[in-house]
$ cat start-v8.json   # JSON, N, CA and C atoms
[["chain", "number", "residue", "atom", "x", "y", "z"],
["A", 1, "MET", "N", -21.14, -1.00, 11.01],
["A", 1, "MET", "CA", -20.65, 0.23, 10.44],
["A", 1, "MET", "C", -21.82, 0.92, 9.72],
["A", 2, "SER", "N", -22.08, 2.17, 10.08],
["A", 2, "SER", "CA", -23.16, 2.88, 9.41],
["A", 2, "SER", "C", -22.71, 3.38, 8.04],
["A", 3, "GLN", "N", -23.67, 3.64, 7.20],
["A", 3, "GLN", "CA", -23.37, 4.06, 5.85],
["A", 3, "GLN", "C", -23.10, 5.56, 5.82],
["A", 4, "VAL", "N", -22.07, 5.96, 5.08],
["A", 4, "VAL", "CA", -21.75, 7.37, 4.93],
["A", 4, "VAL", "C", -22.66, 7.95, 3.86],
["A", 5, "GLN", "N", -23.23, 9.10, 4.14],
["A", 5, "GLN", "CA", -24.10, 9.75, 3.17],
["A", 5, "GLN", "C", -23.31, 10.83, 2.45],
["A", 6, "ILE", "N", -23.47, 10.86, 1.15],
["A", 6, "ILE", "CA", -22.85, 11.90, 0.35],
["A", 6, "ILE", "C", -23.88, 12.98, 0.15],
["A", 7, "LEU", "N", -23.54, 14.18, 0.56],
["A", 7, "LEU", "CA", -24.48, 15.29, 0.54],
["A", 7, "LEU", "C", -24.35, 16.08, -0.76],
["A", 8, "PRO", "N", -25.31, 16.95, -1.04],
["A", 8, "PRO", "CA", -25.26, 17.74, -2.26],
["A", 8, "PRO", "C", -23.99, 18.58, -2.40],
["A", 9, "LEU", "N", -23.27, 18.82, -1.32],
["A", 9, "LEU", "CA", -22.04, 19.60, -1.41],
["A", 9, "LEU", "C", -20.97, 18.92, -2.26],
["A", 10, "ARG", "N", -21.24, 17.70, -2.71],
["A", 10, "ARG", "CA", -20.28, 17.05, -3.60],
["A", 10, "ARG", "C", -20.07, 17.88, -4.85],
["A", 11, "PHE", "N", -21.04, 18.72, -5.18],
["A", 11, "PHE", "CA", -20.92, 19.57, -6.35],
["A", 11, "PHE", "C", -19.85, 20.64, -6.18],
["A", 12, "PHE", "N", -19.37, 20.80, -4.96],
["A", 12, "PHE", "CA", -18.23, 21.68, -4.69],
["A", 12, "PHE", "C", -17.06, 21.31, -5.59],
["A", 13, "PHE", "N", -16.94, 20.04, -5.92],
["A", 13, "PHE", "CA", -15.78, 19.56, -6.67],
["A", 13, "PHE", "C", -15.92, 19.72, -8.18],
["A", 14, "THR", "N", -17.02, 20.26, -8.66],
["A", 14, "THR", "CA", -17.25, 20.37, -10.09],
["A", 14, "THR", "C", -16.13, 21.13, -10.80],
["A", 15, "ASN", "N", -15.72, 22.24, -10.27],
["A", 15, "ASN", "CA", -14.67, 23.06, -10.90],
["A", 15, "ASN", "C", -13.40, 23.07, -10.07],
["A", 16, "THR", "N", -13.14, 22.00, -9.39],
["A", 16, "THR", "CA", -11.99, 21.91, -8.50],
["A", 16, "THR", "C", -10.94, 20.98, -9.08],
["A", 17, "MET", "N", -9.68, 21.39, -9.00],
["A", 17, "MET", "CA", -8.58, 20.56, -9.46],
["A", 17, "MET", "C", -8.06, 19.74, -8.27],
["A", 18, "VAL", "N", -8.21, 18.43, -8.38],
["A", 18, "VAL", "CA", -7.75, 17.52, -7.33],
["A", 18, "VAL", "C", -6.63, 16.66, -7.91],
["A", 19, "VAL", "N", -5.50, 16.64, -7.21],
["A", 19, "VAL", "CA", -4.35, 15.83, -7.63],
["A", 19, "VAL", "C", -3.98, 14.92, -6.47],
["A", 20, "ILE", "N", -3.82, 13.64, -6.77],
["A", 20, "ILE", "CA", -3.44, 12.65, -5.76],
["A", 20, "ILE", "C", -2.08, 12.08, -6.14],
["A", 21, "TYR", "N", -1.18, 12.07, -5.19],
["A", 21, "TYR", "CA", 0.15, 11.46, -5.36],
["A", 21, "TYR", "C", 0.11, 10.09, -4.69],
["A", 22, "THR", "N", 0.29, 9.05, -5.48],
["A", 22, "THR", "CA", 0.12, 7.69, -4.98],
["A", 22, "THR", "C", 1.35, 6.84, -5.27],
["A", 23, "ARG", "N", 1.32, 5.65, -4.69],
["A", 23, "ARG", "CA", 2.35, 4.65, -4.99],
["A", 23, "ARG", "C", 1.66, 3.29, -5.11],
["A", 24, "GLU", "N", 2.33, 2.35, -5.70],
["A", 24, "GLU", "CA", 1.79, 1.00, -5.85],
["A", 24, "GLU", "C", 1.60, 0.34, -4.48],
["A", 25, "ASN", "N", 0.62, -0.54, -4.39],
["A", 25, "ASN", "CA", 0.36, -1.34, -3.19],
["A", 25, "ASN", "C", 0.14, -0.50, -1.94],
["A", 26, "CYS", "N", -0.53, 0.62, -2.11],
["A", 26, "CYS", "CA", -0.82, 1.52, -0.99],
["A", 26, "CYS", "C", -2.31, 1.44, -0.69],
["A", 27, "GLN", "N", -2.66, 0.81, 0.43],
["A", 27, "GLN", "CA", -4.07, 0.66, 0.79],
["A", 27, "GLN", "C", -4.74, 2.00, 1.07],
["A", 28, "TYR", "N", -3.99, 2.94, 1.64],
["A", 28, "TYR", "CA", -4.54, 4.27, 1.90],
["A", 28, "TYR", "C", -4.85, 4.99, 0.59],
["A", 29, "CYS", "N", -3.98, 4.81, -0.39],
["A", 29, "CYS", "CA", -4.21, 5.41, -1.71],
["A", 29, "CYS", "C", -5.48, 4.84, -2.33],
["A", 30, "SER", "N", -5.62, 3.54, -2.26],
["A", 30, "SER", "CA", -6.79, 2.87, -2.82],
["A", 30, "SER", "C", -8.07, 3.34, -2.13],
["A", 31, "LYS", "N", -8.04, 3.42, -0.81],
["A", 31, "LYS", "CA", -9.23, 3.84, -0.07],
["A", 31, "LYS", "C", -9.62, 5.27, -0.43],
["A", 32, "LEU", "N", -8.64, 6.15, -0.52],
["A", 32, "LEU", "CA", -8.95, 7.53, -0.85],
["A", 32, "LEU", "C", -9.53, 7.65, -2.26],
["A", 33, "LYS", "N", -9.01, 6.89, -3.19],
["A", 33, "LYS", "CA", -9.55, 6.91, -4.55],
["A", 33, "LYS", "C", -11.00, 6.41, -4.57],
["A", 34, "ILE", "N", -11.30, 5.40, -3.77],
["A", 34, "ILE", "CA", -12.68, 4.91, -3.67],
["A", 34, "ILE", "C", -13.59, 6.00, -3.14],
["A", 35, "ILE", "N", -13.15, 6.71, -2.12],
["A", 35, "ILE", "CA", -13.95, 7.80, -1.56],
["A", 35, "ILE", "C", -14.18, 8.88, -2.60],
["A", 36, "LEU", "N", -13.14, 9.31, -3.28],
["A", 36, "LEU", "CA", -13.29, 10.36, -4.29],
["A", 36, "LEU", "C", -14.16, 9.89, -5.45],
["A", 37, "ASP", "N", -13.99, 8.63, -5.84],
["A", 37, "ASP", "CA", -14.83, 8.08, -6.91],
["A", 37, "ASP", "C", -16.30, 8.08, -6.49],
["A", 38, "SER", "N", -16.57, 7.86, -5.19],
["A", 38, "SER", "CA", -17.95, 7.86, -4.72],
["A", 38, "SER", "C", -18.59, 9.24, -4.85],
["A", 39, "PHE", "N", -17.77, 10.28, -4.90],
["A", 39, "PHE", "CA", -18.26, 11.64, -5.12],
["A", 39, "PHE", "C", -18.32, 11.98, -6.60],
["A", 40, "SER", "N", -17.85, 11.06, -7.44],
["A", 40, "SER", "CA", -17.67, 11.34, -8.87],
["A", 40, "SER", "C", -16.72, 12.51, -9.07],
["A", 41, "VAL", "N", -15.73, 12.59, -8.18],
["A", 41, "VAL", "CA", -14.73, 13.65, -8.28],
["A", 41, "VAL", "C", -13.71, 13.25, -9.34],
["A", 42, "LYS", "N", -13.48, 14.15, -10.27],
["A", 42, "LYS", "CA", -12.43, 13.92, -11.26],
["A", 42, "LYS", "C", -11.12, 14.36, -10.64],
["A", 43, "TYR", "N", -10.13, 13.51, -10.75],
["A", 43, "TYR", "CA", -8.84, 13.83, -10.16],
["A", 43, "TYR", "C", -7.72, 13.34, -11.09],
["A", 44, "ILE", "N", -6.57, 13.92, -10.88],
["A", 44, "ILE", "CA", -5.37, 13.50, -11.58],
["A", 44, "ILE", "C", -4.57, 12.66, -10.60],
["A", 45, "GLN", "N", -4.18, 11.49, -11.03],
["A", 45, "GLN", "CA", -3.38, 10.62, -10.18],
["A", 45, "GLN", "C", -1.94, 10.63, -10.69],
["A", 46, "ASN", "N", -1.03, 11.02, -9.84],
["A", 46, "ASN", "CA", 0.40, 10.96, -10.15],
["A", 46, "ASN", "C", 1.00, 9.80, -9.38],
["A", 47, "LYS", "N", 1.66, 8.90, -10.09],
["A", 47, "LYS", "CA", 2.20, 7.68, -9.48],
["A", 47, "LYS", "C", 3.71, 7.77, -9.30],
["A", 48, "LEU", "N", 4.13, 7.31, -8.12],
["A", 48, "LEU", "CA", 5.55, 7.24, -7.80],
["A", 48, "LEU", "C", 6.28, 6.41, -8.84],
["A", 49, "ASP", "N", 7.45, 6.87, -9.25],
["A", 49, "ASP", "CA", 8.34, 6.22, -10.21],
["A", 49, "ASP", "C", 7.81, 6.25, -11.65],
["A", 50, "ILE", "N", 6.64, 6.85, -11.85],
["A", 50, "ILE", "CA", 6.13, 7.06, -13.21],
["A", 50, "ILE", "C", 6.04, 8.56, -13.47],
["A", 51, "ASP", "N", 5.34, 9.26, -12.58],
["A", 51, "ASP", "CA", 5.12, 10.70, -12.74],
["A", 51, "ASP", "C", 6.05, 11.56, -11.88],
["A", 52, "PHE", "N", 6.63, 10.97, -10.88],
["A", 52, "PHE", "CA", 7.55, 11.69, -9.98],
["A", 52, "PHE", "C", 8.43, 10.67, -9.28],
["A", 53, "ASP", "N", 9.53, 11.15, -8.70],
["A", 53, "ASP", "CA", 10.40, 10.26, -7.94],
["A", 53, "ASP", "C", 10.28, 10.58, -6.45],
["A", 54, "ARG", "N", 10.85, 9.71, -5.64],
["A", 54, "ARG", "CA", 10.72, 9.84, -4.19],
["A", 54, "ARG", "C", 11.32, 11.16, -3.69],
["A", 55, "GLN", "N", 12.45, 11.57, -4.26],
["A", 55, "GLN", "CA", 13.08, 12.82, -3.83],
["A", 55, "GLN", "C", 12.18, 14.02, -4.13],
["A", 56, "GLY", "N", 11.56, 14.01, -5.32],
["A", 56, "GLY", "CA", 10.64, 15.08, -5.66],
["A", 56, "GLY", "C", 9.43, 15.11, -4.73],
["A", 57, "PHE", "N", 8.96, 13.93, -4.34],
["A", 57, "PHE", "CA", 7.85, 13.81, -3.41],
["A", 57, "PHE", "C", 8.20, 14.46, -2.07],
["A", 58, "TYR", "N", 9.38, 14.10, -1.54],
["A", 58, "TYR", "CA", 9.79, 14.65, -0.25],
["A", 58, "TYR", "C", 10.08, 16.14, -0.33],
["A", 59, "THR", "N", 10.58, 16.58, -1.47],
["A", 59, "THR", "CA", 10.82, 18.02, -1.64],
["A", 59, "THR", "C", 9.49, 18.77, -1.62],
["A", 60, "GLU", "N", 8.49, 18.22, -2.28],
["A", 60, "GLU", "CA", 7.18, 18.87, -2.37],
["A", 60, "GLU", "C", 6.40, 18.81, -1.06],
["A", 61, "PHE", "N", 6.43, 17.66, -0.38],
["A", 61, "PHE", "CA", 5.54, 17.44, 0.76],
["A", 61, "PHE", "C", 6.26, 17.32, 2.10],
["A", 62, "GLY", "N", 7.57, 17.28, 2.11],
["A", 62, "GLY", "CA", 8.31, 17.17, 3.36],
["A", 62, "GLY", "C", 8.81, 15.75, 3.60],
["A", 63, "GLN", "N", 9.86, 15.64, 4.36],
["A", 63, "GLN", "CA", 10.52, 14.36, 4.61],
["A", 63, "GLN", "C", 9.65, 13.36, 5.35],
["A", 64, "ASP", "N", 8.68, 13.83, 6.11],
["A", 64, "ASP", "CA", 7.82, 12.93, 6.88],
["A", 64, "ASP", "C", 6.52, 12.59, 6.16],
["A", 65, "ALA", "N", 6.37, 13.04, 4.92],
["A", 65, "ALA", "CA", 5.12, 12.82, 4.19],
["A", 65, "ALA", "C", 4.92, 11.34, 3.89],
["A", 66, "THR", "N", 3.66, 10.94, 3.91],
["A", 66, "THR", "CA", 3.28, 9.58, 3.60],
["A", 66, "THR", "C", 2.35, 9.58, 2.40],
["A", 67, "PHE", "N", 2.08, 8.41, 1.88],
["A", 67, "PHE", "CA", 1.18, 8.28, 0.73],
["A", 67, "PHE", "C", -0.21, 7.92, 1.22],
["A", 68, "PRO", "N", -1.23, 8.44, 0.54],
["A", 68, "PRO", "CA", -1.19, 9.39, -0.56],
["A", 68, "PRO", "C", -1.05, 10.81, -0.04],
["A", 69, "GLN", "N", -0.77, 11.73, -0.93],
["A", 69, "GLN", "CA", -0.86, 13.15, -0.65],
["A", 69, "GLN", "C", -1.87, 13.73, -1.62],
["A", 70, "VAL", "N", -2.68, 14.64, -1.11],
["A", 70, "VAL", "CA", -3.75, 15.22, -1.92],
["A", 70, "VAL", "C", -3.56, 16.73, -1.98],
["A", 71, "VAL", "N", -3.70, 17.26, -3.19],
["A", 71, "VAL", "CA", -3.63, 18.70, -3.42],
["A", 71, "VAL", "C", -4.94, 19.11, -4.08],
["A", 72, "ILE", "N", -5.64, 20.05, -3.46],
["A", 72, "ILE", "CA", -6.90, 20.55, -3.99],
["A", 72, "ILE", "C", -6.72, 22.03, -4.33],
["A", 73, "ASP", "N", -6.88, 22.33, -5.60],
["A", 73, "ASP", "CA", -6.70, 23.70, -6.09],
["A", 73, "ASP", "C", -5.39, 24.32, -5.60],
["A", 74, "GLY", "N", -4.33, 23.54, -5.66],
["A", 74, "GLY", "CA", -3.01, 24.03, -5.30],
["A", 74, "GLY", "C", -2.72, 24.05, -3.81],
["A", 75, "ILE", "N", -3.67, 23.65, -3.00],
["A", 75, "ILE", "CA", -3.48, 23.65, -1.54],
["A", 75, "ILE", "C", -3.26, 22.21, -1.09],
["A", 76, "ILE", "N", -2.16, 21.98, -0.39],
["A", 76, "ILE", "CA", -1.84, 20.63, 0.08],
["A", 76, "ILE", "C", -2.77, 20.28, 1.24],
["A", 77, "MET", "N", -3.59, 19.25, 1.02],
["A", 77, "MET", "CA", -4.52, 18.78, 2.04],
["A", 77, "MET", "C", -3.82, 17.85, 3.02],
["A", 78, "GLY", "N", -2.86, 17.10, 2.52],
["A", 78, "GLY", "CA", -2.17, 16.10, 3.34],
["A", 78, "GLY", "C", -2.55, 14.71, 2.89],
["A", 79, "GLY", "N", -2.56, 13.80, 3.84],
["A", 79, "GLY", "CA", -2.82, 12.40, 3.54],
["A", 79, "GLY", "C", -4.28, 12.04, 3.53],
["A", 80, "CYS", "N", -4.54, 10.76, 3.62],
["A", 80, "CYS", "CA", -5.90, 10.23, 3.54],
["A", 80, "CYS", "C", -6.79, 10.79, 4.65],
["A", 81, "ASN", "N", -6.38, 10.67, 5.89],
["A", 81, "ASN", "CA", -7.21, 11.14, 7.00],
["A", 81, "ASN", "C", -7.38, 12.65, 6.97],
["A", 82, "ASP", "N", -6.33, 13.38, 6.59],
["A", 82, "ASP", "CA", -6.45, 14.84, 6.49],
["A", 82, "ASP", "C", -7.51, 15.23, 5.46],
["A", 83, "THR", "N", -7.53, 14.52, 4.36],
["A", 83, "THR", "CA", -8.49, 14.81, 3.29],
["A", 83, "THR", "C", -9.90, 14.47, 3.75],
["A", 84, "ILE", "N", -10.07, 13.35, 4.43],
["A", 84, "ILE", "CA", -11.38, 12.97, 4.95],
["A", 84, "ILE", "C", -11.86, 13.99, 5.98],
["A", 85, "GLU", "N", -10.97, 14.44, 6.82],
["A", 85, "GLU", "CA", -11.32, 15.46, 7.81],
["A", 85, "GLU", "C", -11.80, 16.73, 7.11],
["A", 86, "TYR", "N", -11.11, 17.11, 6.04],
["A", 86, "TYR", "CA", -11.52, 18.29, 5.27],
["A", 86, "TYR", "C", -12.90, 18.09, 4.65],
["A", 87, "LEU", "N", -13.11, 16.94, 4.01],
["A", 87, "LEU", "CA", -14.41, 16.66, 3.38],
["A", 87, "LEU", "C", -15.53, 16.69, 4.41],
["A", 88, "THR", "N", -15.26, 16.21, 5.61],
["A", 88, "THR", "CA", -16.25, 16.25, 6.68],
["A", 88, "THR", "C", -16.51, 17.69, 7.10],
["A", 89, "SER", "N", -15.45, 18.49, 7.21],
["A", 89, "SER", "CA", -15.60, 19.87, 7.67],
["A", 89, "SER", "C", -16.41, 20.74, 6.72],
["A", 90, "ILE", "N", -16.41, 20.40, 5.42],
["A", 90, "ILE", "CA", -17.20, 21.20, 4.47],
["A", 90, "ILE", "C", -18.57, 20.58, 4.22],
["A", 91, "GLY", "N", -18.87, 19.49, 4.92],
["A", 91, "GLY", "CA", -20.20, 18.91, 4.86],
["A", 91, "GLY", "C", -20.39, 17.82, 3.82],
["A", 92, "CYS", "N", -19.34, 17.38, 3.19],
["A", 92, "CYS", "CA", -19.48, 16.33, 2.17],
["A", 92, "CYS", "C", -19.66, 14.95, 2.78],
["A", 93, "LEU", "N", -19.11, 14.73, 3.95],
["A", 93, "LEU", "CA", -19.27, 13.46, 4.65],
["A", 93, "LEU", "C", -19.91, 13.75, 6.00],
["A", 94, "GLN", "N", -20.84, 12.91, 6.39],
["A", 94, "GLN", "CA", -21.48, 13.10, 7.69],
["A", 94, "GLN", "C", -20.77, 12.33, 8.79],
["A", 95, "GLU", "N", -20.20, 11.20, 8.47],
["A", 95, "GLU", "CA", -19.64, 10.35, 9.51],
["A", 95, "GLU", "C", -18.18, 10.06, 9.23],
["A", 96, "GLU", "N", -17.33, 10.93, 9.71],
["A", 96, "GLU", "CA", -15.90, 10.81, 9.49],
["A", 96, "GLU", "C", -15.35, 9.49, 10.02],
["A", 97, "LYS", "N", -15.87, 9.02, 11.15],
["A", 97, "LYS", "CA", -15.33, 7.80, 11.76],
["A", 97, "LYS", "C", -15.42, 6.60, 10.83],
["A", 98, "ASP", "N", -16.41, 6.57, 9.95],
["A", 98, "ASP", "CA", -16.56, 5.45, 9.04],
["A", 98, "ASP", "C", -15.61, 5.50, 7.85],
["A", 99, "MET", "N", -14.97, 6.63, 7.66],
["A", 99, "MET", "CA", -14.13, 6.80, 6.49],
["A", 99, "MET", "C", -12.65, 6.92, 6.84],
["A", 100, "GLU", "N", -12.31, 6.73, 8.12],
["A", 100, "GLU", "CA", -10.91, 6.85, 8.50],
["A", 100, "GLU", "C", -10.04, 5.89, 7.71],
["A", 101, "CYS", "N", -8.87, 6.36, 7.39],
["A", 101, "CYS", "CA", -7.93, 5.52, 6.63],
["A", 101, "CYS", "C", -7.13, 4.69, 7.62],
["A", 102, "THR", "N", -7.73, 3.61, 8.05],
["A", 102, "THR", "CA", -7.06, 2.68, 8.95],
["A", 102, "THR", "C", -7.07, 1.31, 8.30],
["A", 103, "LEU", "N", -6.11, 0.53, 8.69],
["A", 103, "LEU", "CA", -6.01, -0.82, 8.12],
["A", 103, "LEU", "C", -6.56, -1.84, 9.08]]
$ encode --input "start-v8.json" --output "structure tokens"
Amino acid sequence: MSQVQILPLRFFFTNTMVVIYTRENCQYCSKLKIILDSFSVKYIQNKLDIDFDRQGFYTEFGQDATFPQVVIDGIIMGGCNDTIEYLTSIGCLQEEKDMECTL
């Protein structure tokens, strides 16, 4: 597995509000937090059954939504892979294949 390079565009996140909706024992949630931490991205983590309930989650993100869900500046990015795809598209990640949220 090749190493993912973090490019200077990580500074894009300096004034960006990132919110992650997570649940306990979610490997995708953990992986996404590791990726964001590698950018030194400050984010707000909302946890299921502490900060929101399942019904509120489905109301906000749809009945088919999975964990995690990421919102950047009020725009729903989607799940782990959707967020990685976005980060790749803006040049923050060079090798999307190495960062896929797969188990």
$ residues_around --input "start-v8.json" --residues "range 17-28 of chain A" --least-positions-apart "2" --cutoff "5 Å" --atoms "all atoms listed in the file" --output "number ranges by chain"
A: 15, 30-32, 43-48, 68-73
$ atom_distance --input "start-v8.json" --atom1 "atom C of Ile76 in chain A" --atom2 "atom C of Gly62 in chain A"
12.7 Å
$ atom_distance --input "start-v8.json" --atom1 "CA of Phe39 in chain A" --atom2 "atom N of Leu93 in chain A"
9.6 Å
$ atom_distance --input "start-v8.json" --atom1 "atom N of Ser89 in chain A" --atom2 "CA of Ile35 in chain A"
13.9 Å
$ residues_around --input "start-v8.json" --residues "Asp82 in chain A" --least-positions-apart "4" --cutoff "10 Å" --atoms "only C-alpha atoms" --output "PyMOL selection string"
chain A and resi 69-70+76-78+86-88+100-101
$ select_by_dssp --input "start-v8.json" --residues "range 5-100 of chain A" --states "strand (DSSP E or B)" --output "number ranges by chain"
A: 6, 18-22, 43-48, 52, 69-72, 75-78, 93
$ select_by_dssp --input "start-v8.json" --residues "range 26-88 of chain A" --states "helix (DSSP H, G or I)" --output "list of chain:residue names"
A:Gln27, A:Tyr28, A:Cys29, A:Ser30, A:Lys31, A:Leu32, A:Lys33, A:Ile34, A:Ile35, A:Leu36, A:Asp37, A:Ser38, A:Arg54, A:Gln55, A:Gly56, A:Phe57, A:Tyr58, A:Thr59, A:Glu60, A:Phe61, A:Cys80, A:Asn81, A:Asp82, A:Thr83, A:Ile84, A:Glu85, A:Tyr86, A:Leu87, A:Thr88
